[in-house]
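K.L.:
Enclosed is the structure file my_file.json (JSON, C-alpha atoms and all ligand atoms).
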[["chain", "number", "residue", "atom", "x", "y", "z"],
["I", 1, "MET", "CA", 93.89, 84.05, 92.50],
["I", 2, "LEU", "CA", 94.00, 87.82, 93.11],
["I", 3, "PRO", "CA", 97.19, 89.75, 92.45],
["I", 4, "PRO", "CA", 98.63, 90.71, 95.87],
["I", 5, "ASP", "CA", 98.38, 94.43, 95.12],
["I", 6, "ALA", "CA", 94.77, 94.37, 93.87],
["I", 7, "PRO", "CA", 93.30, 97.59, 95.29],
["I", 8, "SER", "CA", 90.03, 97.84, 97.19],
["I", 9, "LEU", "CA", 87.64, 100.78, 97.19],
["I", 10, "LEU", "CA", 86.94, 102.64, 100.40],
["I", 11, "ALA", "CA", 84.76, 105.70, 101.04],
["I", 12, "ARG", "CA", 85.16, 107.50, 104.35],
["I", 13, "HIS", "CA", 83.49, 110.47, 105.95],
["I", 14, "VAL", "CA", 80.73, 110.71, 103.36],
["I", 15, "THR", "CA", 78.39, 113.45, 104.48],
["I", 16, "VAL", "CA", 75.84, 114.73, 101.98],
["I", 17, "ARG", "CA", 73.27, 117.43, 102.63],
["I", 18, "PHE", "CA", 70.59, 118.74, 100.31],
["I", 19, "GLY", "CA", 69.60, 122.05, 101.86],
["I", 20, "ARG", "CA", 68.74, 121.25, 105.45],
["I", 21, "HIS", "CA", 68.27, 117.56, 104.77],
["I", 22, "THR", "CA", 71.26, 115.45, 105.77],
["I", 23, "VAL", "CA", 71.01, 112.37, 103.59],
["I", 24, "LEU", "CA", 74.28, 110.73, 104.62],
["I", 25, "GLN", "CA", 76.01, 111.40, 107.93],
["I", 26, "ASP", "CA", 79.72, 110.57, 108.11],
["I", 27, "VAL", "CA", 79.24, 107.25, 106.33],
["I", 28, "THR", "CA", 82.10, 104.81, 105.86],
["I", 29, "ALA", "CA", 81.45, 102.25, 103.13],
["I", 30, "GLY", "CA", 83.83, 99.49, 102.18],
["I", 31, "PRO", "CA", 86.47, 98.37, 101.72],
["I", 32, "PHE", "CA", 84.87, 96.91, 98.60],
["I", 33, "GLN", "CA", 87.12, 94.08, 97.49],
["I", 34, "PRO", "CA", 88.31, 93.26, 93.97],
["I", 35, "GLY", "CA", 86.77, 90.10, 92.56],
["I", 36, "LYS", "CA", 83.69, 90.50, 94.78],
["I", 37, "ILE", "CA", 80.15, 91.73, 94.21],
["I", 38, "CYS", "CA", 78.65, 93.89, 96.90],
["I", 39, "ALA", "CA", 74.98, 94.93, 97.06],
["I", 40, "LEU", "CA", 74.00, 98.29, 98.48],
["I", 41, "LEU", "CA", 70.61, 97.78, 100.10],
["I", 42, "GLY", "CA", 68.08, 99.93, 101.92],
["I", 43, "PRO", "CA", 64.57, 101.28, 101.57],
["I", 44, "ASN", "CA", 63.49, 103.98, 99.12],
["I", 45, "GLY", "CA", 65.14, 107.29, 99.88],
["I", 46, "SER", "CA", 67.76, 105.80, 102.21],
["I", 47, "GLY", "CA", 70.65, 107.32, 100.22],
["I", 48, "LYS", "CA", 71.93, 104.46, 98.06],
["I", 49, "SER", "CA", 72.18, 106.49, 94.83],
["I", 50, "THR", "CA", 73.52, 109.44, 96.77],
["I", 51, "LEU", "CA", 76.30, 107.30, 98.26],
["I", 52, "MET", "CA", 77.22, 105.91, 94.84],
["I", 53, "ARG", "CA", 77.25, 109.36, 93.26],
["I", 54, "ALA", "CA", 79.39, 110.65, 96.14],
["I", 55, "MET", "CA", 81.84, 107.75, 95.69],
["I", 56, "ALA", "CA", 82.02, 108.49, 91.96],
["I", 57, "GLY", "CA", 82.75, 112.19, 92.61],
["I", 58, "LEU", "CA", 79.48, 113.37, 91.10],
["I", 59, "LEU", "CA", 78.26, 115.26, 94.18],
["I", 60, "PRO", "CA", 79.88, 118.05, 96.10],
["I", 61, "CYS", "CA", 80.48, 116.45, 99.49],
["I", 62, "SER", "CA", 83.08, 115.91, 102.14],
["I", 63, "ALA", "CA", 84.41, 112.42, 101.56],
["I", 64, "THR", "CA", 87.68, 110.60, 101.16],
["I", 65, "VAL", "CA", 87.50, 107.93, 98.51],
["I", 66, "THR", "CA", 90.50, 105.71, 97.92],
["I", 67, "LEU", "CA", 91.27, 102.90, 95.51],
["I", 68, "GLY", "CA", 94.16, 101.08, 97.12],
["I", 69, "GLN", "CA", 96.77, 103.76, 97.80],
["I", 70, "ASP", "CA", 95.26, 106.23, 95.33],
["I", 71, "ALA", "CA", 93.03, 109.04, 96.55],
["I", 72, "LEU", "CA", 90.29, 109.13, 93.93],
["I", 73, "SER", "CA", 88.86, 112.24, 95.55],
["I", 74, "ALA", "CA", 92.02, 114.11, 94.53],
["I", 75, "LEU", "CA", 91.74, 113.19, 90.83],
["I", 76, "PRO", "CA", 90.08, 115.26, 88.11],
["I", 77, "LEU", "CA", 86.64, 113.82, 87.33],
["I", 78, "ALA", "CA", 87.53, 112.36, 83.91],
["I", 79, "GLN", "CA", 90.45, 110.42, 85.38],
["I", 80, "ARG", "CA", 88.42, 109.40, 88.38],
["I", 81, "THR", "CA", 85.64, 108.08, 86.14],
["I", 82, "GLN", "CA", 88.09, 105.90, 84.24],
["I", 83, "ARG", "CA", 88.89, 104.13, 87.50],
["I", 84, "CYS", "CA", 85.53, 104.20, 89.24],
["I", 85, "LEU", "CA", 82.53, 104.29, 86.92],
["I", 86, "TYR", "CA", 78.95, 105.04, 88.00],
["I", 87, "LEU", "CA", 76.08, 103.79, 85.86],
["I", 88, "PRO", "CA", 72.99, 105.74, 86.91],
["I", 89, "GLN", "CA", 69.56, 104.35, 87.60],
["I", 90, "ALA", "CA", 68.11, 106.38, 84.71],
["I", 91, "LEU", "CA", 68.45, 104.51, 81.43],
["I", 92, "PRO", "CA", 70.84, 105.88, 78.81],
["I", 93, "ALA", "CA", 69.24, 108.64, 76.73],
["I", 94, "PRO", "CA", 67.60, 107.35, 73.56],
["I", 95, "VAL", "CA", 70.11, 109.13, 71.32],
["I", 96, "ASP", "CA", 69.96, 109.01, 67.54],
["I", 97, "LEU", "CA", 72.88, 106.62, 67.14],
["I", 98, "PRO", "CA", 73.22, 102.94, 66.22],
["I", 99, "VAL", "CA", 73.99, 100.69, 69.20],
["I", 100, "LEU", "CA", 77.38, 99.71, 67.78],
["I", 101, "GLU", "CA", 78.43, 103.36, 67.55],
["I", 102, "ALA", "CA", 77.12, 104.04, 71.06],
["I", 103, "LEU", "CA", 79.39, 101.25, 72.35],
["I", 104, "ILE", "CA", 82.38, 102.65, 70.47],
["I", 105, "ALA", "CA", 81.66, 106.17, 71.74],
["I", 106, "ALA", "CA", 81.50, 104.87, 75.34],
["I", 107, "ARG", "CA", 84.88, 103.16, 74.91],
["I", 108, "HIS", "CA", 86.41, 106.47, 73.91],
["I", 109, "THR", "CA", 84.70, 108.63, 76.54],
["I", 110, "GLY", "CA", 87.26, 110.43, 78.66],
["I", 111, "ARG", "CA", 90.12, 108.44, 77.19],
["I", 112, "LEU", "CA", 92.18, 108.49, 74.03],
["I", 113, "HIS", "CA", 92.95, 105.19, 72.36],
["I", 114, "PRO", "CA", 95.45, 106.25, 69.75],
["I", 115, "SER", "CA", 96.57, 102.67, 69.19],
["I", 116, "HIS", "CA", 93.06, 101.41, 68.57],
["I", 117, "THR", "CA", 92.05, 100.98, 65.00],
["I", 118, "GLN", "CA", 88.49, 101.16, 63.78],
["I", 119, "GLU", "CA", 88.59, 97.35, 63.49],
["I", 120, "ASP", "CA", 89.62, 97.11, 67.18],
["I", 121, "ASP", "CA", 86.73, 99.35, 68.15],
["I", 122, "ILE", "CA", 84.20, 97.34, 66.18],
["I", 123, "GLU", "CA", 85.57, 94.05, 67.49],
["I", 124, "SER", "CA", 85.42, 95.30, 71.08],
["I", 125, "ALA", "CA", 81.87, 96.61, 70.67],
["I", 126, "LEU", "CA", 80.70, 93.34, 69.13],
["I", 127, "HIS", "CA", 82.47, 91.40, 71.88],
["I", 128, "TRP", "CA", 80.48, 93.22, 74.58],
["I", 129, "LEU", "CA", 77.21, 92.98, 72.66],
["I", 130, "GLU", "CA", 77.85, 89.26, 72.32],
["I", 131, "LYS", "CA", 78.47, 88.91, 76.06],
["I", 132, "PHE", "CA", 75.10, 90.52, 76.74],
["I", 133, "THR", "CA", 73.51, 88.40, 73.95],
["I", 134, "ILE", "CA", 72.37, 91.54, 72.14],
["I", 135, "ARG", "CA", 74.57, 91.37, 69.05],
["I", 136, "ASP", "CA", 71.41, 91.43, 66.96],
["I", 137, "LEU", "CA", 70.86, 95.01, 68.16],
["I", 138, "ALA", "CA", 74.19, 96.27, 66.77],
["I", 139, "LEU", "CA", 72.73, 98.21, 63.86],
["I", 140, "LYS", "CA", 69.51, 99.23, 65.59],
["I", 141, "ASN", "CA", 69.12, 102.86, 66.57],
["I", 142, "MET", "CA", 69.36, 103.59, 70.31],
["I", 143, "SER", "CA", 66.11, 105.55, 70.08],
["I", 144, "ALA", "CA", 64.32, 102.42, 68.82],
["I", 145, "LEU", "CA", 65.26, 100.21, 71.80],
["I", 146, "SER", "CA", 62.96, 99.02, 74.56],
["I", 147, "GLY", "CA", 63.75, 100.02, 78.16],
["I", 148, "GLY", "CA", 65.32, 96.65, 78.97],
["I", 149, "GLN", "CA", 67.38, 96.69, 75.78],
["I", 150, "ARG", "CA", 68.64, 100.17, 76.66],
["I", 151, "GLN", "CA", 69.61, 98.95, 80.11],
["I", 152, "LEU", "CA", 71.58, 96.06, 78.59],
["I", 153, "VAL", "CA", 73.36, 98.44, 76.22],
["I", 154, "GLY", "CA", 74.15, 100.76, 79.15],
["I", 155, "LEU", "CA", 75.68, 97.84, 81.06],
["I", 156, "ALA", "CA", 77.67, 96.75, 78.01],
["I", 157, "GLN", "CA", 78.96, 100.32, 77.64],
["I", 158, "ALA", "CA", 79.96, 100.44, 81.32],
["I", 159, "LEU", "CA", 81.80, 97.10, 81.26],
["I", 160, "SER", "CA", 83.50, 97.90, 77.96],
["I", 161, "ARG", "CA", 85.20, 100.87, 79.61],
["I", 162, "GLN", "CA", 87.03, 98.45, 81.94],
["I", 163, "PRO", "CA", 87.22, 100.52, 85.12],
["I", 164, "ASP", "CA", 88.71, 99.16, 88.35],
["I", 165, "ALA", "CA", 85.41, 99.72, 90.16],
["I", 166, "LEU", "CA", 81.89, 99.62, 88.75],
["I", 167, "LEU", "CA", 79.05, 101.28, 90.63],
["I", 168, "LEU", "CA", 75.76, 100.10, 89.14],
["I", 169, "ASP", "CA", 72.58, 101.78, 90.30],
["I", 170, "GLU", "CA", 69.67, 99.31, 90.05],
["I", 171, "PRO", "CA", 71.15, 97.55, 87.01],
["I", 172, "LEU", "CA", 68.31, 95.01, 86.88],
["I", 173, "SER", "CA", 65.38, 97.41, 87.17],
["I", 174, "ALA", "CA", 64.17, 97.18, 83.55],
["I", 175, "LEU", "CA", 65.11, 93.53, 82.93],
["I", 176, "ASP", "CA", 62.90, 90.45, 82.69],
["I", 177, "LEU", "CA", 63.67, 87.45, 84.91],
["I", 178, "HIS", "CA", 65.86, 85.72, 82.32],
["I", 179, "HIS", "CA", 67.97, 88.82, 81.79],
["I", 180, "GLN", "CA", 68.19, 89.55, 85.52],
["I", 181, "PHE", "CA", 69.79, 86.16, 86.09],
["I", 182, "ALA", "CA", 71.92, 86.31, 82.95],
["I", 183, "VAL", "CA", 73.25, 89.77, 83.84],
["I", 184, "MET", "CA", 74.01, 88.83, 87.46],
["I", 185, "ALA", "CA", 75.84, 85.70, 86.27],
["I", 186, "LEU", "CA", 77.80, 87.74, 83.71],
["I", 187, "LEU", "CA", 78.68, 90.38, 86.31],
["I", 188, "ARG", "CA", 79.92, 87.65, 88.61],
["I", 189, "ARG", "CA", 82.09, 86.10, 85.89],
["I", 190, "GLU", "CA", 83.55, 89.45, 84.83],
["I", 191, "THR", "CA", 84.09, 90.53, 88.44],
["I", 192, "ILE", "CA", 86.08, 87.40, 89.23],
["I", 193, "ALA", "CA", 87.96, 87.19, 85.92],
["I", 194, "HIS", "CA", 89.10, 90.82, 85.90],
["I", 195, "HIS", "CA", 89.36, 91.45, 89.67],
["I", 196, "LEU", "CA", 86.69, 94.08, 89.28],
["I", 197, "ILE", "CA", 85.16, 95.81, 92.27],
["I", 198, "THR", "CA", 81.44, 95.61, 91.61],
["I", 199, "VAL", "CA", 78.97, 97.46, 93.80],
["I", 200, "LEU", "CA", 75.31, 97.45, 92.86],
["I", 201, "VAL", "CA", 72.14, 98.88, 94.26],
["I", 202, "LEU", "CA", 69.49, 96.19, 94.51],
["I", 203, "HIS", "CA", 65.91, 96.07, 95.73],
["I", 204, "ASP", "CA", 65.66, 92.35, 95.03],
["I", 205, "LEU", "CA", 66.83, 90.80, 98.29],
["I", 206, "ASN", "CA", 66.72, 87.31, 96.79],
["I", 207, "ALA", "CA", 69.28, 88.36, 94.18],
["I", 208, "ALA", "CA", 71.38, 89.91, 96.94],
["I", 209, "LEU", "CA", 71.16, 86.73, 99.00],
["I", 210, "ASN", "CA", 72.14, 84.35, 96.25],
["I", 211, "MET", "CA", 74.31, 86.31, 93.87],
["I", 212, "THR", "CA", 76.42, 88.72, 95.90],
["I", 213, "ASP", "CA", 79.32, 88.23, 98.30],
["I", 214, "HIS", "CA", 78.60, 91.09, 100.64],
["I", 215, "VAL", "CA", 75.81, 93.53, 101.44],
["I", 216, "VAL", "CA", 75.78, 97.03, 102.95],
["I", 217, "VAL", "CA", 72.46, 98.24, 104.33],
["I", 218, "LEU", "CA", 71.75, 101.97, 104.47],
["I", 219, "HIS", "CA", 69.07, 103.35, 106.78],
["I", 220, "ASN", "CA", 68.41, 106.86, 108.05],
["I", 221, "GLY", "CA", 71.65, 108.23, 106.65],
["I", 222, "VAL", "CA", 73.98, 105.66, 108.18],
["I", 223, "VAL", "CA", 75.25, 102.15, 107.46],
["I", 224, "LYS", "CA", 72.98, 99.96, 109.52],
["I", 225, "ALA", "CA", 74.79, 96.68, 108.85],
["I", 226, "SER", "CA", 77.27, 95.09, 106.48],
["I", 227, "GLY", "CA", 78.58, 91.59, 105.93],
["I", 228, "ALA", "CA", 77.60, 88.30, 104.34],
["I", 229, "PRO", "CA", 74.01, 88.54, 103.02],
["I", 230, "THR", "CA", 72.56, 85.71, 105.11],
["I", 231, "CYS", "CA", 74.18, 87.08, 108.28],
["I", 232, "VAL", "CA", 72.96, 90.65, 107.72],
["I", 233, "LEU", "CA", 69.37, 90.05, 106.61],
["I", 234, "THR", "CA", 67.99, 88.94, 109.95],
["I", 235, "PRO", "CA", 64.28, 89.18, 110.90],
["I", 236, "ALA", "CA", 65.15, 92.08, 113.23],
["I", 237, "LEU", "CA", 66.89, 94.04, 110.45],
["I", 238, "LEU", "CA", 64.12, 93.31, 107.94],
["I", 239, "ARG", "CA", 61.57, 94.58, 110.48],
["I", 240, "GLU", "CA", 63.48, 97.72, 111.41],
["I", 241, "VAL", "CA", 64.81, 98.72, 108.00],
["I", 242, "TYR", "CA", 62.25, 97.35, 105.56],
["I", 243, "ARG", "CA", 59.26, 97.41, 107.95],
["I", 244, "VAL", "CA", 58.15, 93.87, 107.17],
["I", 245, "HIS", "CA", 57.78, 90.75, 109.26],
["I", 246, "ALA", "CA", 60.02, 88.44, 107.27],
["I", 247, "ARG", "CA", 62.78, 85.89, 107.49],
["I", 248, "VAL", "CA", 65.35, 84.33, 105.22],
["I", 249, "GLU", "CA", 64.71, 80.68, 104.42],
["I", 250, "GLN", "CA", 66.71, 78.14, 102.50],
["I", 251, "GLY", "CA", 65.21, 75.94, 99.79],
["I", 252, "ALA", "CA", 66.06, 72.31, 99.17],
["I", 253, "ASP", "CA", 68.45, 73.45, 96.42],
["I", 254, "GLY", "CA", 70.41, 75.52, 98.95],
["I", 255, "ARG", "CA", 69.24, 78.85, 97.60],
["I", 256, "HIS", "CA", 68.02, 81.48, 100.04],
["I", 257, "PHE", "CA", 64.85, 83.52, 99.77],
["I", 258, "VAL", "CA", 62.98, 86.08, 101.84],
["I", 259, "SER", "CA", 59.62, 84.91, 103.11],
["I", 260, "VAL", "CA", 57.39, 87.87, 104.03],
["I", 261, "ASP", "CA", 54.58, 87.35, 106.52],
["I", 262, "GLY", "CA", 53.27, 90.91, 106.46],
["I", 263, "ILE", "CA", 53.90, 94.58, 107.01],
["I", 264, "ALA", "CA", 55.41, 95.56, 110.35],
["Y", 1, "LIG", "N1", 69.29, 116.53, 94.06],
["Y", 1, "LIG", "C1", 68.61, 116.36, 95.19],
["Y", 1, "LIG", "N2", 68.05, 117.42, 95.83],
["Y", 1, "LIG", "C2", 67.37, 117.25, 96.98],
["Y", 1, "LIG", "N3", 67.18, 116.07, 97.59],
["Y", 1, "LIG", "C3", 67.71, 114.99, 97.00],
["Y", 1, "LIG", "C4", 68.44, 115.06, 95.77],
["Y", 1, "LIG", "N4", 68.85, 113.83, 95.43],
["Y", 1, "LIG", "C5", 68.38, 113.00, 96.39],
["Y", 1, "LIG", "N5", 67.70, 113.69, 97.32],
["Y", 1, "LIG", "C6", 67.08, 113.14, 98.53],
["Y", 1, "LIG", "O1", 68.03, 112.32, 99.17],
["Y", 1, "LIG", "C7", 67.39, 111.18, 99.73],
["Y", 1, "LIG", "C8", 68.12, 109.94, 99.24],
["Y", 1, "LIG", "O2", 67.91, 109.81, 97.84],
["Y", 1, "LIG", "P1", 68.57, 108.61, 97.02],
["Y", 1, "LIG", "O3", 68.16, 108.79, 95.59],
["Y", 1, "LIG", "O4", 69.99, 108.55, 97.34],
["Y", 1, "LIG", "O5", 67.82, 107.38, 97.67],
["Y", 1, "LIG", "P2", 67.83, 105.83, 97.25],
["Y", 1, "LIG", "O6", 68.15, 105.06, 98.47],
["Y", 1, "LIG", "O7", 68.70, 105.64, 96.06],
["Y", 1, "LIG", "O8", 66.30, 105.65, 96.90],
["Y", 1, "LIG", "P3", 65.51, 104.69, 95.86],
["Y", 1, "LIG", "O9", 65.64, 103.29, 96.38],
["Y", 1, "LIG", "O10", 64.12, 105.18, 95.99],
["Y", 1, "LIG", "O11", 66.08, 104.89, 94.49],
["Y", 1, "LIG", "C9", 65.92, 111.25, 99.33],
["Y", 1, "LIG", "O12", 65.20, 111.76, 100.43],
["Y", 1, "LIG", "C10", 65.91, 112.22, 98.19],
["Y", 1, "LIG", "O13", 64.70, 112.94, 98.15]]
Take the structure I supplied and represent it as structure tokens, if you would.
P.N.:
Amino acid sequence: MLPPDAPSLLARHVTVRFGRHTVLQDVTAGPFQPGKICALLGPNGSGKSTLMRAMAGLLPCSATVTLGQDALSALPLAQRTQRCLYLPQALPAPVDLPVLEALIAARHTGRLHPSHTQEDDIESALHWLEKFTIRDLALKNMSALSGGQRQLVGLAQALSRQPDALLLDEPLSALDLHHQFAVMALLRRETIAHHLITVLVLHDLNAALNMTDHVVVLHNGVVKASGAPTCVLTPALLREVYRVHARVEQGADGRHFVSVDGIA
């Protein structure tokens, strides 16, 4: 049950230009609801990362971003990041630091925890490593991790900071099938348990269909459609936006999948 005052995230009037190229034109995205996972979809170059970075305050742009009654766009960046955290598509830098320390450093970024003891910090870091089933990496150096392991550590760092809203840019891109499913299931559990607002960029439409509550489709600088995944991903939208002849089908187990017949 959600608390009655649980805030939702809303971005309005997002216009972003790079030189003469207008990437987003007066986009309204949201409200993204607490306790729900929303996938931001769209073809390459459609502006998904740009929209996320604009929502997180990482791009100079005209936009009004609110979290409940609070205008995030009026907050200093450090404060804004505590409430609405963007995890970029690029993997965390392979710094010369053990994973455990990288987790502790992330917990302290932009925030002072005067009441936290070193034991608290270590316990919290181990807790998040455990959740991502990577506790065995605790003492390994960040620079010695594989791409997928770095992505898992980046996600653990992001979740450990406990923002109100998490904006995850292609969080599954370096993960094998097992970890893709495990991470999506973990995100769902955390989203529900902590009334998190989780927005993620996905290219895997099957994951969007089966593991998210809502999708927003970007195309040519505007929101083309938004709503429940199976309602939005129609053959007409897949043809126009993704340029494929395809349809969503349902397997005997109830799960949905995209069946592609060819390129449109
Ligand atoms: N810093 C920048 N300078 C100039 N153009 C940019 C910049 N960042 C993004 N763009 C352009 O903005 C458009 C949208 O880019 P964005 O990264 O938001 O797309 P995306 O939907 O996330 O794509 P992908 O699925 O390929 O990651 C692209 O045409 C890109 O070339």
K.L.:
Figure out the distance between atom C7 of ligand LIG 1 (chain Y) and CA of Leu238 in chain I, please, to one decimal in Å.
P.N.:
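Here the two named atoms are 19.9 Å from each other.
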K.L.:
Neighbouring residues of Ala90 in chain I were defined as those with any atom within 10 Å, considering only C-alpha atoms; residues of the same chain fewer than 2 positions away were excluded. Please report them as a list in words.
P.N.:
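Contacts, in chain order: Leu87, Pro88, Pro92, Ala93, Gln151, Gly154, Asp169, Glu170, Pro171 and Ser173 of chain I.
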K.L.:
Could you check the closest approach to ligand LIG 1 (chain Y) for each of I:Leu233, I:Leu41, I:Val99, I:Leu77 and tell me which residue wins, using all atoms listed in the file?
P.N.:
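Using all atoms listed in the file, the shortest distance to ligand LIG 1 (chain Y) belongs to I:Leu41.
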K.L.:
Could you please determine the separation between CA of Glu190 in chain I and CA of Ile104 in chain I in Å, to one decimal place?
P.N.:
19.5 Å
K.L.:
How far is it from CA of Thr109 in chain I to CA of Gln89 in chain I, in Å with one decimal?
P.N.:
19.2 Å
K.L.:
Mind listing the residues within 6 Å of ligand LIG 1 (chain Y), all atoms listed in the file counted, as a compact mmCIF listing (two decimals) with C-alpha atoms, in the coordinates of the input?
P.N.:
# COMPACT_ATOMS: atom_id res chain seq x y z
CA PHE I 18 70.59 118.74 100.31
CA VAL I 23 71.01 112.37 103.59
CA PRO I 43 64.57 101.28 101.57
CA ASN I 44 63.49 103.98 99.12
CA GLY I 45 65.14 107.29 99.88
CA SER I 46 67.76 105.80 102.21
CA GLY I 47 70.65 107.32 100.22
CA LYS I 48 71.93 104.46 98.06
CA SER I 49 72.18 106.49 94.83
CA THR I 50 73.52 109.44 96.77
K.L.:
Might you pull out every residue within 9 Å of Leu9 in chain I, with all atoms listed in the file counted and same-chain residues fewer than 5 positions away left off, and present them as a list in words?
P.N.:
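Everything that qualifies: Ala29, Gly30, Pro31, Phe32, Gln33, Pro34, Val65, Thr66, Leu67, Gly68, Cys84, Ala165 and Ile197 of chain I.
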K.L.:
Place a sphere of radius 9 Å on (71.1, 96.0, 109.1) in the file coordinates and name every protein, DNA or RNA residue with an atom inside or on its surface, counting all atoms listed in the file; give the answer as a VMD selection string.
P.N.:
chain I and resid 42 216 to 219 223 to 226 232 to 234 236 to 238 240 to 241
K.L.:
What box, with edges along x, y and z, holds each listed atom of range 231-243 of chain I when 4 Å is added on every side, and can you state its centre and edge lengths in Å to one decimal, as JSON?
P.N.:
{"center_x": 66.7, "center_y": 92.9, "center_z": 109.4, "size_x": 22.9, "size_y": 19.6, "size_z": 15.7}
K.L.:
So that I can check the surroundings of Pro60 in chain I, please list as a PyMOL selection string every protein, DNA and RNA residue that reaches within 12 Å of it, counting all atoms listed in the file and ignoring chain neighbours fewer than 6 positions away.
P.N.:
chain I and resi 14-18+50-51+53-54+73+77
K.L.:
Which residues are close to range 199-214 of chain I, i.e. within 6 Å by all atoms listed in the file, leaving aside same-chain residues fewer than 4 positions away? Reply as a ChimeraX atom specification.
P.N.:
/I:37-41,167-170,227-229,257
